[in-house]
Amino acid sequence: MLTTNTKFGLTGNVQDSTLYSRFMETDEGKMILKDPGKYFWFGRQTEFDKDLNAKSDSYFIRMARKFKNTDACIIVDINRNKLHEIISRLDFGEHEVPGR
C-alpha cells in the first residue's frame, strides 16, 4: 500500500513518504486517480519498478486501486508462474481445457 496518510499505521515495507506521490505522477497513477475505487490492470512499469525496488521480470501484470477520499492506493504484482500453478490446480471436471 502506498500512502501519505500516517493514520493507516502501516508496518509493512514502506520505502519513503514520497512513493505515493511519485506513483500518482505516472500515467498509471493518473488513471487510477481519475476513478478511485476501481481496479486497474497494467503491464510492466519499468520506470516505477525502480522506485519500488521491484524486478520487472518477476511479474507479468500489476493490479492497482486508489482508495476513495484518502491519499492511499494498493499495488499488487502478479507472478505468471504462481498464477499458472494456481490455475493448474483448479478442477473444472472431465471436459476441462486448461489455458496456457
# chains A, B, ... in the order shown; residues from 1 in each chain; ligands from 1
>>> select_by_dssp(residues="stretch 8-97 of chain A", states="helix (DSSP H, G or I)", output="ChimeraX atom specification")
/A:8,19-24,27-34,46-52,56-58,80-88
>>> write_last_selection(atoms="C-alpha atoms", output="CSV table (one decimal), in the first residue's frame")
chain,number,residue,atom,x,y,z
A,8,PHE,CA,-3.0,3.8,8.5
A,19,LEU,CA,6.4,7.0,-3.1
A,20,TYR,CA,2.6,7.6,-3.3
A,21,SER,CA,3.1,11.0,-4.9
A,22,ARG,CA,5.7,9.6,-7.4
A,23,PHE,CA,3.2,6.8,-8.4
A,24,MET,CA,0.4,9.3,-8.9
A,27,ASP,CA,0.5,7.5,-16.5
A,28,GLU,CA,-0.9,4.6,-14.5
A,29,GLY,CA,-1.3,6.7,-11.3
A,30,LYS,CA,-3.1,9.4,-13.2
A,31,MET,CA,-5.6,6.8,-14.5
A,32,ILE,CA,-6.4,5.4,-11.0
A,33,LEU,CA,-6.6,9.0,-9.6
A,34,LYS,CA,-9.5,9.7,-12.0
A,46,THR,CA,9.9,-0.5,-15.6
A,47,GLU,CA,10.5,3.1,-14.5
A,48,PHE,CA,8.3,2.9,-11.4
A,49,ASP,CA,9.7,-0.6,-10.7
A,50,LYS,CA,13.0,1.2,-9.8
A,51,ASP,CA,11.2,3.2,-7.1
A,52,LEU,CA,9.5,0.0,-5.8
A,56,SER,CA,10.1,-6.2,-14.0
A,57,ASP,CA,10.7,-9.8,-14.9
A,58,SER,CA,9.2,-11.0,-11.5
A,80,ARG,CA,3.0,-15.5,-14.1
A,81,ASN,CA,4.4,-18.8,-12.7
A,82,LYS,CA,2.4,-18.6,-9.5
A,83,LEU,CA,-0.8,-17.8,-11.3
A,84,HIS,CA,-0.3,-20.7,-13.7
A,85,GLU,CA,0.4,-23.0,-10.7
A,86,ILE,CA,-2.9,-21.9,-9.0
A,87,ILE,CA,-4.9,-22.3,-12.2
A,88,SER,CA,-3.4,-25.7,-13.0
>>> select_by_dssp(residues="chain A", states="strand (DSSP E or B)", output="list in words")
Leu2, Thr3, Tyr39, Phe40, Trp41, Phe42, Ile61, Arg62, Met63, Ala64, Arg65, Lys66, Ala72, Cys73, Ile74, Ile75, Val76, Asp77 and Ile78 of chain A
>>> residues_around(residues="A:Thr3", least_positions_apart="4", cutoff="7 Å", atoms="only C-alpha atoms", output="ChimeraX atom specification")
/A:20,71-73
>>> write_last_selection(atoms="N, CA and C atoms", output="tab-separated table (two decimals), in the first residue's frame")
chain	number	residue	atom	x	y	z
A	20	TYR	N	3.98	7.39	-2.87
A	20	TYR	CA	2.60	7.57	-3.34
A	20	TYR	C	2.55	8.71	-4.36
A	71	ASP	N	-5.39	9.69	0.49
A	71	ASP	CA	-4.19	9.55	-0.34
A	71	ASP	C	-3.58	8.19	-0.10
A	72	ALA	N	-4.23	7.16	-0.63
A	72	ALA	CA	-3.73	5.80	-0.47
A	72	ALA	C	-4.15	4.96	-1.66
A	73	CYS	N	-3.26	4.06	-2.05
A	73	CYS	CA	-3.59	3.09	-3.11
A	73	CYS	C	-2.87	1.79	-2.78
>>> atom_distance(atom1="atom CA of A:Pro36", atom2="atom CA of A:Asn69")
8.4 Å
>>> residues_around(residues="stretch 40-44 of chain A", least_positions_apart="2", cutoff="7 Å", atoms="only C-alpha atoms", output="PDB file with C-alpha atoms, in the first residue's frame")
ATOM      1  CA  ILE A  32      -6.409   5.431 -11.043  1.00  0.00           C
ATOM      2  CA  LYS A  38     -11.963   0.913  -9.487  1.00  0.00           C
ATOM      3  CA  THR A  46       9.862  -0.472 -15.631  1.00  0.00           C
ATOM      4  CA  SER A  56      10.119  -6.196 -13.992  1.00  0.00           C
ATOM      5  CA  PHE A  60       3.600 -10.056 -15.752  1.00  0.00           C
ATOM      6  CA  ILE A  61       0.680  -7.925 -14.640  1.00  0.00           C
ATOM      7  CA  ARG A  62       0.107  -5.321 -11.950  1.00  0.00           C
ATOM      8  CA  MET A  63      -3.179  -4.501 -10.232  1.00  0.00           C
ATOM      9  CA  ALA A  64      -3.667  -1.033  -8.749  1.00  0.00           C
ATOM     10  CA  ARG A  65      -6.557   0.602  -6.928  1.00  0.00           C
TER      11      ARG A  65
END
>>> atom_distance(atom1="atom CA of A:Asp35", atom2="atom CA of A:Lys68")
8.8 Å
